[in-house]
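Report on the structure given below.
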Amino acid sequence: MNTNGNVKIGVYVCHCGTNIAAKVDVKDVVEFARTLPHVAVAREYKFMCSDPGQDLIKQDIKEFGINRVVVASCSPLMHEVTFRKAVEEGGENPFFFHMANIREHDSWVTDDPKKATEKAKALVAAAVRRVFFHEVLEKREVPIHPDVMIVGGGIAGIQAALTMADAGKKVYLVEREPSIGGHMAKFDKTFPTLDCASCILTPKMTQVASHPNIELLTYTEVESVEGYVGNFTVTVRRKARFVREDLCTGCGECEKICPVEMPSEFDEKLGMRKAIYRPFPQSVPNTYTISRRGIPPCQATCSIHQNAQAYIQLIARGKLREALDVILRDNPLPSICGRVCSHPCMSVCQRNRVDEAINIPGLKRFVTDYFADYELPKPDPSKERKEKVAIVGSGPSGLMCAYELRQRGYQVQIFEADSAPGGMLQQGIPAFRLPRKILRDEIERLERIGIRIQLNTRVGKDVTLEELRKKYDAVYIAIGAGVERKLNIPGEDLKGVWGGIDFLKRINSGQTVHPGDRVVVIGGGNSAIDAARTALRAGAKEVTIVYRRSRNEMPADQLEVEEAEKEGVRFYFLASPLRILGDTHVTGIECIRNKLGHPDESGRRRPVPIPNSEFTIPCDGVIVTIGQKADLESLNDTLGLAFTKQNTIAADPLTLETNIPGIFAGGDCVTGPDVVINAMFAGKKAAISIDRYLNGQDLTAGREKEGPFEPTFVVDTEGIPIKWRVEMPAIEIEKRRTFAEVHTGYTMEQAMEEAARCLSCAGCCDCELCTTVCERKAIDYNQKDELKEIKVGAIILATGFKTFDATRVPQYGYRRLPNVYTSLEIERLVNSAGPTGGEIILRDGRKPKAVGIIHCVGSRDVHHNRYCSRVCCMYSLKLAHLIKERTGAEVYNFYIDMRAFGKGYEEFYDRILEEGVHLIRGRVAEVTDVPLDPSEEGKLIIRAEDTLIGTVRRIPVDMVILSVGLEPQPDAEEIRRLFNISCSTEGFFLERHPKLAPVSTFTDGVFLAGACQGPKDIPDTVAQAGAAAAEALSLIDRGSVELEPNTAWIDEEACSGCQTCVSLCPFTAISYDAEKHISVVNEVLCKGCGTCVSACPSGAAQQHLFLDQEVFAEIEGILTV
Amino acid sequence: MKTYTYYPGCSIKGTAKQYEESLLAVFEALDLKLEELSDWNCCGATMYMAVDEEMSFALSARNLALAEKLERDVVAPCSACYLVLLKTQDYIRKYPELRIKIGKALAAADLVYHGTVKVRHPLEVFINDVGLEELQNRVRVPLRSFKIAPYYGCQIVRPYPNFDHSCYPETMDLLFETLGADVVDYPLKTRCCGGSLTGTIEEVGLRLNYILLEEAHRRGANCIVTVCPLCQFNLEAYQNRILKKYNNLNEMPVFYFTQLMGLAFGIEPEKLGLQRQMVRADQLLASVQIPVEKTRPEKVEQVA
């Protein structure tokens, strides 16, 4: 501090034309300023920032010895630098200056002139008091790193990169897609010259690739940015391609053999690409990339982890043998599962989010039916073991356990109490769902690989558990849950009342049973549905299922419920039976209505009877299927096997061990009634446990992912066209009174069509076919993401745009009406390298005879984006030209205003008019497929007011193109935070000044180029890219940059050495001097954030430009006015 | 039990009686209480608004002022009443001069309106306050054979799309899918039914309704479901005239949405006013009736 004793403050209040003066009484403020302490001079001027304005300051310093200056005008962001320079030129230290913002903070935001003037006075008083305490400070200079990073590899990024690289600077070009090119690479021709976009773009792209000064980092994203102008440290993530960039030559053999097809993002999801792919043929770099996301949801949710995606993709490519191999890898009962599995995979199939889940079991069954004589993989003879394992029960759990153990080499003996194997598969599932022959064949396959099944042998009667435990090295109990529960209501033993499982068993074993003419089935599980459908086939005329809870709570498979409904089964929910009526035979069942109350222990809501709501359903047959339990007594166990309170066998959920070493249990006898796939899961789990047990290994390690788990990623389903499931061929409803299998299975064409709907959620299915054809051995499945730290001095953001989502204007029918496209989708259709080879065709393959192009979709719209997107009029005219040229169709453009502002644009518009394109001036109200007369049948009708002739018109067309506007990228908000810049209200990156500084931002060192700053066409983008490059070059060639001297420092005497500040500093600029017992700030690293200053308990930490004295003085100034 | 103030409006007590019957039955089945606003007056609907706007607002504001005292949400099932009440609230809020005038008018009747009433449509109450899951939990008989063309009309979505989209709403579609019905894609779901034009310029009114009926047939619907008394009246009561004029059309039953909800909940058809339908739908209704007899309750052991 100097001359505090002789402080002379000069106050200058600016009119800023009328910006300030219209609201604030400037004269009054000047008068007021004169009354403030130490103010020697107070003046007003129209434009303080002008030369004469600045001269006032300089003169006063010379003439009147002014040594502190306050200017009350606009924001310091505008002119702080200007005035500091003026003070410096006047001969004083530039930091003896402070600015009061009475424009952005006052005149522009205050309505009442009196209040505005009062506020101005307060702000001036604050500034005057503060500047008294200002100290002498020196500007800091930091060197500028000469390298530059450009984020975004579209035409803007490419242009800026080439300009800077040619100037001799090292450029890092970061692009998150596998290839540079951006949106421009998607176009066919560009306006107004109709140059081919690729032809003008690809030479630049190749230049970038071969330029010695450009390091091209594709498939790379920015993770974090540290530092400040001239000294940025950017960490980028190089995503794993699983293909080595240095080895891949782009020959394409891998792409040919890859079986996985996925919607192509580059083709706007109108076409497909392979899991190993290049976005487009001229990609730079010419390296392939594999989309490998992890385990697909279907596989993750399947209890036995069948790789559904893999076999579905193989079916779609016609590779059926390979599909069968994939299926048999994990499933020894695929013919059965393909018919009766509860398909949890379908609930998580991501296709659900588009239309309907893939019929995964239907496709599995197609493969197994195709190879009707397939065999299971044979166990490896070199792995044979002598240990023997006994399995009690030949249901799905026992069979799976047997298979898994047999493949591991063990000797397996199954004991089955019934006269036929299969458990519930044999007894409970009707033949019209699972034909007996299929079941028999499946079990015989297992027997052919060495699994022995002894029938008519009940464990607990014909042989004891104890004997098994002695004779065998391990035992797996899988006796299921076959004992029916009873309703325990009056009348349950009348003739005509059946237990459901008993009923099904009799029918399945070939007995003739007539359940009645009008049958009521009680229950809501799969057995109830099976019983109901079986009753219809056994002669019932009317079947009604009565369930005590709601449809939501019904455990039955929804697909089975639908089949039942189709066959005529009626449902009555929320009713419970009270008693069965009749003398010797059933005549009716009395029920009471329920409503759902609070959840019970199963988590489902308890049915609560409604008083006085009894009613009777007349019937002559009742089938009770309300659940089963395990027949534990039949085991006649003497070993002390532990049971649970729910009457199941107690088994450890992770290992399936019971309390008796060597005896394991799983399936329905442990969990209660459950589905086939979970029984199989238990069997597999038991096999793994038994294997470990017999080898003396730990049973618990590493078993978390054994069962179903949550998939870890979300698939983008945006833009996939709706295509409903191929219906499984089935016997017609009228013919469904026999026990013939209802679903007759897909044909080859149907299977391939259904399989083609698969979205390939996980991308690569790990089939490894590509590795077999890559001569350079460039494929590396073990590649990992790589983080790289890069130091640069300047950054140019060229991250581009995204198009407006047309579903936000549902009146135009996008995604509802099939032949409504967006302009970007049409660009791909029109492009000869696109999904239709350049043919402009409708979804059904026909050529359009009339096409409508709707301008301003999402733009100039008070409901969406108010701004004009600048390029749409021109590209709409271009598309009109291309469509007319290629198809000869009538083309109608619906516009509001025609914006043809650029060089050659108006001339292009003339040309289009001459070509006979119809231009209708009027904003389109709607696109509809509802015809009002026969000529409109099958067409899309565009309704708009033709404002030039003053009529509402209906124009029937075949294809509608929506000219969607430009918007910021969806992650613009996150990106701007990374780089510490601002966005405008529309979300585009904010330039420093809309007229005079269009490529720099408020963050020094970060520049903008291209559509990320606002919608613009290619010529303007290229120009802006050049401008950004020029500014970046100017910065770099300066060699060094001045920084504000706003660093913190620590008063040695006041510092107690508590070190609070050290850990708080986000830039690790503070260190502890152990000798002096104080903390010290490294000025070079300090960014002036002020954290240490506010945290310091003793006030030892201070910040230049924001001393405590200065801040308090400002507060005083405000408060004392 | 959640209670709502019920503002019926005139139509519901007259030509749309079955709407009220089914609405009350459904609310009761859902354990929600509707209490009719005492001393309510006609809302004026769209007609009065065109004759004397300020007077119309005053009339409407009286209802709002009365309802406000009860501090409960107001349920207005008739689309016209719903819209007029919303419009009154909106204009009072937006235009201070109107607010002052209405305030004076109300004060003359010792009433005051502070602008705090929430006016709701029963469709929105079902979707938001009850929720689709709970509604499905109440379904006794899924509406299997119903192929529904959901017709919202214009007034509940325009100009105030408070709970659904203004041109392609979905709430009623979702509601009926939840109840087990087949809902067809019906793009004319908010297209004008002509309103009172069937009475004033009959040929225009008939034509507009013909378009709606024809499209419903074309889309494969076997019934139309509405929320508005005038829409229902136009589509159903005038159907025989429409059929005579445009003789390439078959009959199509037109229900109120609450009637079908009641059927799904297992409520008897008479309680839902289904005997008042002018276009009969006997077969369709029979498909959701399980033949039952009411029994006298006796002392029974119940094992649920």
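Ordered as shown in the structure tokens, chains take letters A, B, and onward, while each chain numbers its residues from 1 and ligands are numbered from 1 in the order shown.
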Show me, as a JSON list (two decimals) with all heavy atoms, in the first residue's frame, the residues that have an atom within 9 Å of B:Phe255 when counting only C-alpha atoms, minus same-chain residues fewer than 4 positions from it.
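Result file part02.json:
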[["chain", "number", "residue", "atom", "x", "y", "z"],
["B", 19, "TYR", "N", -73.83, -41.36, -17.25],
["B", 19, "TYR", "CA", -72.47, -40.95, -16.91],
["B", 19, "TYR", "C", -72.38, -40.78, -15.39],
["B", 19, "TYR", "O", -71.46, -41.26, -14.74],
["B", 19, "TYR", "CB", -72.13, -39.65, -17.64],
["B", 19, "TYR", "CG", -70.67, -39.23, -17.65],
["B", 19, "TYR", "CD1", -69.67, -40.01, -17.09],
["B", 19, "TYR", "CD2", -70.30, -38.01, -18.21],
["B", 19, "TYR", "CE1", -68.34, -39.61, -17.11],
["B", 19, "TYR", "CE2", -68.97, -37.60, -18.25],
["B", 19, "TYR", "CZ", -68.01, -38.40, -17.69],
["B", 19, "TYR", "OH", -66.69, -37.99, -17.72],
["B", 223, "CYS", "N", -66.57, -50.54, -30.46],
["B", 223, "CYS", "CA", -67.31, -49.56, -29.68],
["B", 223, "CYS", "C", -66.45, -48.31, -29.54],
["B", 223, "CYS", "O", -65.24, -48.36, -29.73],
["B", 223, "CYS", "CB", -67.67, -50.08, -28.29],
["B", 223, "CYS", "SG", -66.25, -50.36, -27.25],
["B", 224, "ILE", "N", -67.12, -47.20, -29.24],
["B", 224, "ILE", "CA", -66.40, -45.95, -28.99],
["B", 224, "ILE", "C", -66.60, -45.60, -27.52],
["B", 224, "ILE", "O", -67.69, -45.80, -26.97],
["B", 224, "ILE", "CB", -66.94, -44.81, -29.88],
["B", 224, "ILE", "CG1", -66.68, -45.13, -31.35],
["B", 224, "ILE", "CG2", -66.28, -43.48, -29.53],
["B", 224, "ILE", "CD1", -67.16, -44.04, -32.30],
["B", 225, "VAL", "N", -65.56, -45.13, -26.88],
["B", 225, "VAL", "CA", -65.66, -44.75, -25.47],
["B", 225, "VAL", "C", -65.39, -43.26, -25.34],
["B", 225, "VAL", "O", -64.40, -42.77, -25.88],
["B", 225, "VAL", "CB", -64.64, -45.55, -24.63],
["B", 225, "VAL", "CG1", -64.71, -45.14, -23.18],
["B", 225, "VAL", "CG2", -64.93, -47.03, -24.77],
["B", 226, "THR", "N", -66.26, -42.55, -24.65],
["B", 226, "THR", "CA", -66.13, -41.09, -24.57],
["B", 226, "THR", "C", -66.05, -40.62, -23.13],
["B", 226, "THR", "O", -66.33, -41.36, -22.19],
["B", 226, "THR", "CB", -67.36, -40.39, -25.17],
["B", 226, "THR", "OG1", -68.50, -40.82, -24.42],
["B", 226, "THR", "CG2", -67.57, -40.75, -26.61],
["B", 227, "VAL", "N", -65.68, -39.31, -22.98],
["B", 227, "VAL", "CA", -65.70, -38.68, -21.66],
["B", 227, "VAL", "C", -66.67, -37.52, -21.61],
["B", 227, "VAL", "O", -66.89, -36.95, -20.56],
["B", 227, "VAL", "CB", -64.29, -38.16, -21.27],
["B", 227, "VAL", "CG1", -63.28, -39.25, -21.26],
["B", 227, "VAL", "CG2", -63.87, -37.05, -22.21],
["B", 232, "GLN", "N", -70.88, -37.88, -26.61],
["B", 232, "GLN", "CA", -71.60, -39.16, -26.55],
["B", 232, "GLN", "C", -72.96, -39.00, -27.20],
["B", 232, "GLN", "O", -73.40, -39.83, -27.99],
["B", 232, "GLN", "CB", -71.74, -39.58, -25.08],
["B", 232, "GLN", "CG", -72.00, -41.06, -24.88],
["B", 232, "GLN", "CD", -73.47, -41.41, -24.93],
["B", 232, "GLN", "OE1", -74.33, -40.53, -24.92],
["B", 232, "GLN", "NE2", -73.79, -42.68, -25.01],
["B", 236, "GLU", "N", -74.05, -41.02, -30.47],
["B", 236, "GLU", "CA", -75.00, -42.11, -30.27],
["B", 236, "GLU", "C", -76.42, -41.72, -30.67],
["B", 236, "GLU", "O", -77.06, -42.38, -31.48],
["B", 236, "GLU", "CB", -74.98, -42.54, -28.79],
["B", 236, "GLU", "CG", -75.65, -43.89, -28.61],
["B", 236, "GLU", "CD", -76.08, -44.12, -27.17],
["B", 236, "GLU", "OE1", -76.62, -43.18, -26.56],
["B", 236, "GLU", "OE2", -75.91, -45.25, -26.70],
["B", 259, "GLN", "N", -68.62, -46.30, -17.55],
["B", 259, "GLN", "CA", -69.49, -47.48, -17.65],
["B", 259, "GLN", "C", -68.66, -48.73, -17.87],
["B", 259, "GLN", "O", -68.89, -49.76, -17.23],
["B", 259, "GLN", "CB", -70.49, -47.31, -18.81],
["B", 259, "GLN", "CG", -71.54, -46.23, -18.57],
["B", 259, "GLN", "CD", -72.47, -46.08, -19.75],
["B", 259, "GLN", "OE1", -72.03, -45.79, -20.87],
["B", 259, "GLN", "NE2", -73.75, -46.28, -19.53],
["B", 260, "LEU", "N", -67.67, -48.64, -18.77],
["B", 260, "LEU", "CA", -66.85, -49.82, -19.03],
["B", 260, "LEU", "C", -65.93, -50.12, -17.86],
["B", 260, "LEU", "O", -65.63, -51.27, -17.57],
["B", 260, "LEU", "CB", -66.04, -49.63, -20.32],
["B", 260, "LEU", "CG", -66.87, -49.60, -21.60],
["B", 260, "LEU", "CD1", -65.97, -49.71, -22.82],
["B", 260, "LEU", "CD2", -67.90, -50.72, -21.62],
["B", 274, "LEU", "N", -76.45, -48.93, -18.08],
["B", 274, "LEU", "CA", -76.27, -49.50, -19.41],
["B", 274, "LEU", "C", -77.60, -49.77, -20.10],
["B", 274, "LEU", "O", -77.63, -50.01, -21.31],
["B", 274, "LEU", "CB", -75.42, -50.78, -19.33],
["B", 274, "LEU", "CG", -73.92, -50.44, -19.23],
["B", 274, "LEU", "CD1", -73.11, -51.61, -18.72],
["B", 274, "LEU", "CD2", -73.40, -50.01, -20.59],
["B", 277, "GLN", "N", -78.58, -47.12, -22.92],
["B", 277, "GLN", "CA", -77.89, -46.99, -24.20],
["B", 277, "GLN", "C", -78.87, -47.01, -25.36],
["B", 277, "GLN", "O", -79.76, -47.86, -25.40],
["B", 277, "GLN", "CB", -76.88, -48.14, -24.41],
["B", 277, "GLN", "CG", -75.77, -48.18, -23.38],
["B", 277, "GLN", "CD", -74.92, -46.92, -23.37],
["B", 277, "GLN", "OE1", -75.00, -46.11, -22.45],
["B", 277, "GLN", "NE2", -74.12, -46.75, -24.40]]
message: Among stretch 90-150 of chain B, which residues does DSSP mark as alpha helix (DSSP H) when it is run on the backbone? Keep the chain and numbering as in the structure and answer as a list in words.
response: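 Result set for stretch 90-150 of chain B (alpha helix (DSSP H)): Asp90, Tyr91, Ile92, Arg93, Lys94, Pro96, Glu97, Leu98, Arg99, Ile100, Lys101, Ile102, Gly103, Lys104, Ala105, Leu106, Ala107, Pro122, Leu123, Glu124, Leu132, Glu133, Glu134, Leu135 and Gln136 of chain B.
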- request: At a cut-off of 10 Å, list the chain A residues touching chain B, using only C-alpha atoms, as a ChimeraX atom specification.
  value: /A:487-490,544,546-553,562,565-566,570-579,588,590-596,605-609,611-618,809-811,813,816,926,928-932
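By only C-alpha atoms, and with residues fewer than 5 positions from A:Pro818 along its chain excluded, the set lying at most 9 Å from it is Pro721, Ile722, Gly813, Leu842, Arg843 and Met959 of chain A.
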Every residue of stretch 848-1093 of chain A that DSSP places in strand (DSSP E or B), as a tab-separated table (two decimals) with C-alpha atoms, in the first residue's frame:
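What landed in out.tsv:
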chain	number	residue	atom	x	y	z
A	850	ALA	CA	-45.66	-37.60	-54.46
A	851	VAL	CA	-43.46	-36.33	-51.66
A	852	GLY	CA	-44.13	-33.55	-49.14
A	853	ILE	CA	-41.29	-31.70	-47.41
A	854	ILE	CA	-42.27	-29.80	-44.28
A	855	HIS	CA	-40.00	-26.91	-43.25
A	856	CYS	CA	-39.44	-25.56	-39.75
A	857	VAL	CA	-40.02	-28.74	-37.75
A	890	GLU	CA	-44.34	-34.45	-57.54
A	891	VAL	CA	-42.61	-32.60	-54.74
A	892	TYR	CA	-44.34	-30.16	-52.41
A	893	ASN	CA	-42.36	-27.94	-50.03
A	894	PHE	CA	-44.35	-26.35	-47.21
A	895	TYR	CA	-42.53	-23.31	-45.87
A	918	HIS	CA	-44.48	-26.90	-55.76
A	919	LEU	CA	-43.92	-24.41	-52.97
A	920	ILE	CA	-46.79	-23.81	-50.58
A	921	ARG	CA	-46.48	-21.07	-48.05
A	924	VAL	CA	-48.41	-27.58	-41.81
A	925	ALA	CA	-51.14	-28.37	-39.28
A	926	GLU	CA	-50.97	-32.13	-39.46
A	927	VAL	CA	-50.03	-35.22	-41.41
A	928	THR	CA	-52.82	-37.77	-41.30
A	940	LEU	CA	-50.48	-39.53	-46.21
A	941	ILE	CA	-52.45	-36.32	-46.31
A	942	ILE	CA	-50.72	-33.06	-45.45
A	943	ARG	CA	-53.10	-30.41	-44.20
A	944	ALA	CA	-51.90	-26.84	-44.40
A	945	GLU	CA	-53.27	-23.41	-45.05
A	946	ASP	CA	-51.92	-22.08	-48.33
A	951	THR	CA	-57.32	-21.76	-48.66
A	952	VAL	CA	-56.87	-24.78	-46.46
A	953	ARG	CA	-55.48	-27.57	-48.59
A	954	ARG	CA	-55.24	-31.31	-48.27
A	955	ILE	CA	-52.35	-32.66	-50.31
A	956	PRO	CA	-52.10	-36.45	-50.54
A	957	VAL	CA	-48.53	-37.73	-50.79
A	959	MET	CA	-43.80	-39.84	-48.36
A	960	VAL	CA	-43.42	-36.98	-45.90
A	961	ILE	CA	-40.03	-35.51	-45.02
A	962	LEU	CA	-39.70	-33.42	-41.88
A	963	SER	CA	-37.02	-30.76	-42.12
A	964	VAL	CA	-35.87	-30.94	-38.56
A	966	LEU	CA	-30.56	-28.12	-35.33
A	967	GLU	CA	-30.09	-28.37	-31.60
A	968	PRO	CA	-27.10	-28.60	-29.29
A	983	CYS	CA	-24.25	-22.02	-22.74
A	989	PHE	CA	-22.00	-22.90	-26.37
A	993	HIS	CA	-19.76	-11.51	-27.86
A	997	ALA	CA	-16.21	-12.16	-30.59
A	1000	SER	CA	-13.85	-17.03	-28.19
A	1006	VAL	CA	-11.13	-22.12	-25.08
A	1007	PHE	CA	-12.49	-21.36	-28.55
A	1008	LEU	CA	-15.57	-22.44	-30.48
A	1040	SER	CA	2.91	-15.92	-22.90
A	1041	VAL	CA	-0.31	-14.68	-21.40
A	1042	GLU	CA	-1.04	-12.29	-18.59
A	1043	LEU	CA	-2.95	-13.50	-15.63
A	1048	ALA	CA	-3.63	-16.03	-2.28
A	1049	TRP	CA	-0.80	-15.55	0.20
A	1050	ILE	CA	-0.36	-16.41	3.84
A	1070	ILE	CA	-0.35	-24.93	-0.67
A	1071	SER	CA	2.40	-26.78	1.09
A	1072	TYR	CA	3.50	-26.95	4.73
A	1073	ASP	CA	6.89	-25.63	5.69
A	1078	ILE	CA	3.57	-22.31	8.54
A	1079	SER	CA	1.76	-23.00	5.28
A	1080	VAL	CA	3.00	-21.45	2.06
A	1081	VAL	CA	1.13	-20.77	-1.19
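Close contacts of A:Phe371, defined as residues with an atom at most 12 Å away when counting only C-alpha atoms, with chain neighbours fewer than 2 positions off set aside, comprise A:Leu320, A:Arg321, A:Glu322, A:Ala323, A:Leu324, A:Asp325, A:Pro334, A:Ser335, A:Lys364, A:Arg365, A:Phe366, A:Val367, A:Thr368, A:Asp369, A:Asp373, A:Tyr374, A:Glu375, A:Leu376.
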Could you give me, as a PDB file with C-alpha atoms, in the first residue's frame, the residues within 12 Å of A:Gly152, counting only C-alpha atoms and dropping anything in the same chain fewer than 3 positions from it?
ATOM      1  CA  MET A 149      -6.449 -29.776 -28.718  1.00  0.00           C
ATOM      2  CA  ILE A 155     -15.770 -30.474 -40.823  1.00  0.00           C
ATOM      3  CA  ALA A 156     -15.170 -27.698 -38.266  1.00  0.00           C
ATOM      4  CA  GLY A 157     -12.653 -29.688 -36.294  1.00  0.00           C
ATOM      5  CA  ILE A 158     -10.967 -30.985 -39.431  1.00  0.00           C
ATOM      6  CA  GLN A 159     -10.604 -27.524 -40.906  1.00  0.00           C
ATOM      7  CA  ALA A 160      -9.256 -26.000 -37.707  1.00  0.00           C
ATOM      8  CA  ALA A 161      -6.871 -28.911 -37.287  1.00  0.00           C
ATOM      9  CA  TYR A 172      -4.516 -33.389 -30.983  1.00  0.00           C
ATOM     10  CA  LEU A 173      -7.798 -34.057 -32.753  1.00  0.00           C
ATOM     11  CA  VAL A 174     -10.192 -35.883 -30.408  1.00  0.00           C
ATOM     12  CA  GLU A 175     -13.328 -37.532 -31.843  1.00  0.00           C
ATOM     13  CA  ARG A 176     -15.672 -39.823 -29.962  1.00  0.00           C
ATOM     14  CA  GLU A 177     -16.955 -41.807 -32.924  1.00  0.00           C
ATOM     15  CA  PRO A 178     -14.718 -44.416 -34.515  1.00  0.00           C
ATOM     16  CA  SER A 179     -14.197 -42.144 -37.535  1.00  0.00           C
ATOM     17  CA  ILE A 180     -13.933 -38.418 -38.156  1.00  0.00           C
ATOM     18  CA  GLY A 181     -16.302 -36.773 -40.634  1.00  0.00           C
ATOM     19  CA  GLY A 182     -19.222 -35.777 -38.416  1.00  0.00           C
ATOM     20  CA  HIS A 183     -22.615 -35.099 -39.969  1.00  0.00           C
ATOM     21  CA  LEU A 216      -5.680 -38.326 -34.470  1.00  0.00           C
ATOM     22  CA  LEU A 217      -7.427 -39.767 -31.434  1.00  0.00           C
ATOM     23  CA  THR A 218     -10.680 -41.336 -32.561  1.00  0.00           C
ATOM     24  CA  TYR A 219     -13.103 -43.377 -30.416  1.00  0.00           C
ATOM     25  CA  THR A 220     -11.858 -41.109 -27.663  1.00  0.00           C
ATOM     26  CA  GLU A 221     -13.661 -38.851 -25.212  1.00  0.00           C
ATOM     27  CA  VAL A 222     -12.538 -36.093 -22.889  1.00  0.00           C
ATOM     28  CA  ILE A 795      -8.598 -25.829 -26.889  1.00  0.00           C
ATOM     29  CA  ILE A 796     -11.051 -25.533 -29.743  1.00  0.00           C
ATOM     30  CA  LEU A 797     -14.489 -27.050 -29.255  1.00  0.00           C
ATOM     31  CA  ALA A 798     -16.106 -28.266 -32.471  1.00  0.00           C
ATOM     32  CA  THR A 799     -18.570 -30.763 -31.118  1.00  0.00           C
ATOM     33  CA  GLY A 800     -21.361 -30.099 -33.585  1.00  0.00           C
ATOM     34  CA  PHE A 801     -25.104 -30.532 -33.255  1.00  0.00           C
ATOM     35  CA  GLN A 969     -25.727 -32.085 -28.626  1.00  0.00           C
ATOM     36  CA  ILE A 975     -19.314 -30.795 -21.919  1.00  0.00           C
ATOM     37  CA  LEU A1008     -15.570 -22.444 -30.477  1.00  0.00           C
ATOM     38  CA  ALA A1009     -16.056 -23.522 -34.061  1.00  0.00           C
ATOM     39  CA  GLY A1010     -19.052 -24.759 -35.985  1.00  0.00           C
ATOM     40  CA  ALA A1011     -22.612 -25.701 -35.083  1.00  0.00           C
ATOM     41  CA  CYS A1012     -21.858 -26.215 -31.417  1.00  0.00           C
ATOM     42  CA  ALA A1025     -13.162 -22.913 -37.884  1.00  0.00           C
TER      43      ALA A1025
END
Closest of B:Asp39, B:Asp182, B:Glu268, B:Asp129 to B:Arg62 - atom-to-atom distances counting only C-alpha atoms: B:Asp39
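Among B:Val125, B:Leu263, B:Leu285, B:Leu249, the residue with the shortest atom-to-atom distance to B:Phe27, counting only C-alpha atoms, is B:Val125.
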message: I'd like the neighbourhood of A:Glu444 as a list in words, where a residue qualifies if any of its atoms comes within 12 Å (using only C-alpha atoms), though same-chain residues fewer than 2 positions away should be ignored.
response: Pro332, Leu333, Asp373, Tyr374, Glu375, Leu376, Leu399, Ala420, Pro421, Gly422, Lys437, Ile438, Leu439, Arg440, Asp441, Glu442, Leu446, Glu447, Arg448, Ile449, Gly450, Ile451, Arg452 and Ile453 of chain A
Can you write just those residues out, C-alpha atoms, as a PDB file, in the first residue's frame?
ATOM      1  CA  PRO A 332     -29.382 -80.239 -22.141  1.00  0.00           C
ATOM      2  CA  LEU A 333     -33.182 -79.846 -22.331  1.00  0.00           C
ATOM      3  CA  ASP A 373     -31.939 -86.157 -34.328  1.00  0.00           C
ATOM      4  CA  TYR A 374     -29.356 -84.079 -32.532  1.00  0.00           C
ATOM      5  CA  GLU A 375     -27.254 -85.548 -29.767  1.00  0.00           C
ATOM      6  CA  LEU A 376     -25.922 -83.948 -26.632  1.00  0.00           C
ATOM      7  CA  LEU A 399     -31.946 -84.225 -14.982  1.00  0.00           C
ATOM      8  CA  ALA A 420     -42.197 -92.688 -16.281  1.00  0.00           C
ATOM      9  CA  PRO A 421     -39.372 -90.135 -15.996  1.00  0.00           C
ATOM     10  CA  GLY A 422     -39.700 -86.368 -16.151  1.00  0.00           C
ATOM     11  CA  LYS A 437     -42.530 -87.741 -27.735  1.00  0.00           C
ATOM     12  CA  ILE A 438     -40.411 -84.616 -27.304  1.00  0.00           C
ATOM     13  CA  LEU A 439     -40.089 -85.303 -23.595  1.00  0.00           C
ATOM     14  CA  ARG A 440     -39.184 -88.941 -24.207  1.00  0.00           C
ATOM     15  CA  ASP A 441     -36.581 -88.099 -26.843  1.00  0.00           C
ATOM     16  CA  GLU A 442     -34.978 -85.502 -24.614  1.00  0.00           C
ATOM     17  CA  LEU A 446     -29.448 -88.001 -21.573  1.00  0.00           C
ATOM     18  CA  GLU A 447     -29.510 -91.734 -21.135  1.00  0.00           C
ATOM     19  CA  ARG A 448     -27.332 -92.124 -24.228  1.00  0.00           C
ATOM     20  CA  ILE A 449     -24.492 -90.176 -22.633  1.00  0.00           C
ATOM     21  CA  GLY A 450     -24.459 -92.524 -19.681  1.00  0.00           C
ATOM     22  CA  ILE A 451     -27.054 -91.247 -17.236  1.00  0.00           C
ATOM     23  CA  ARG A 452     -28.971 -94.162 -15.718  1.00  0.00           C
ATOM     24  CA  ILE A 453     -32.578 -93.787 -14.597  1.00  0.00           C
TER      25      ILE A 453
END
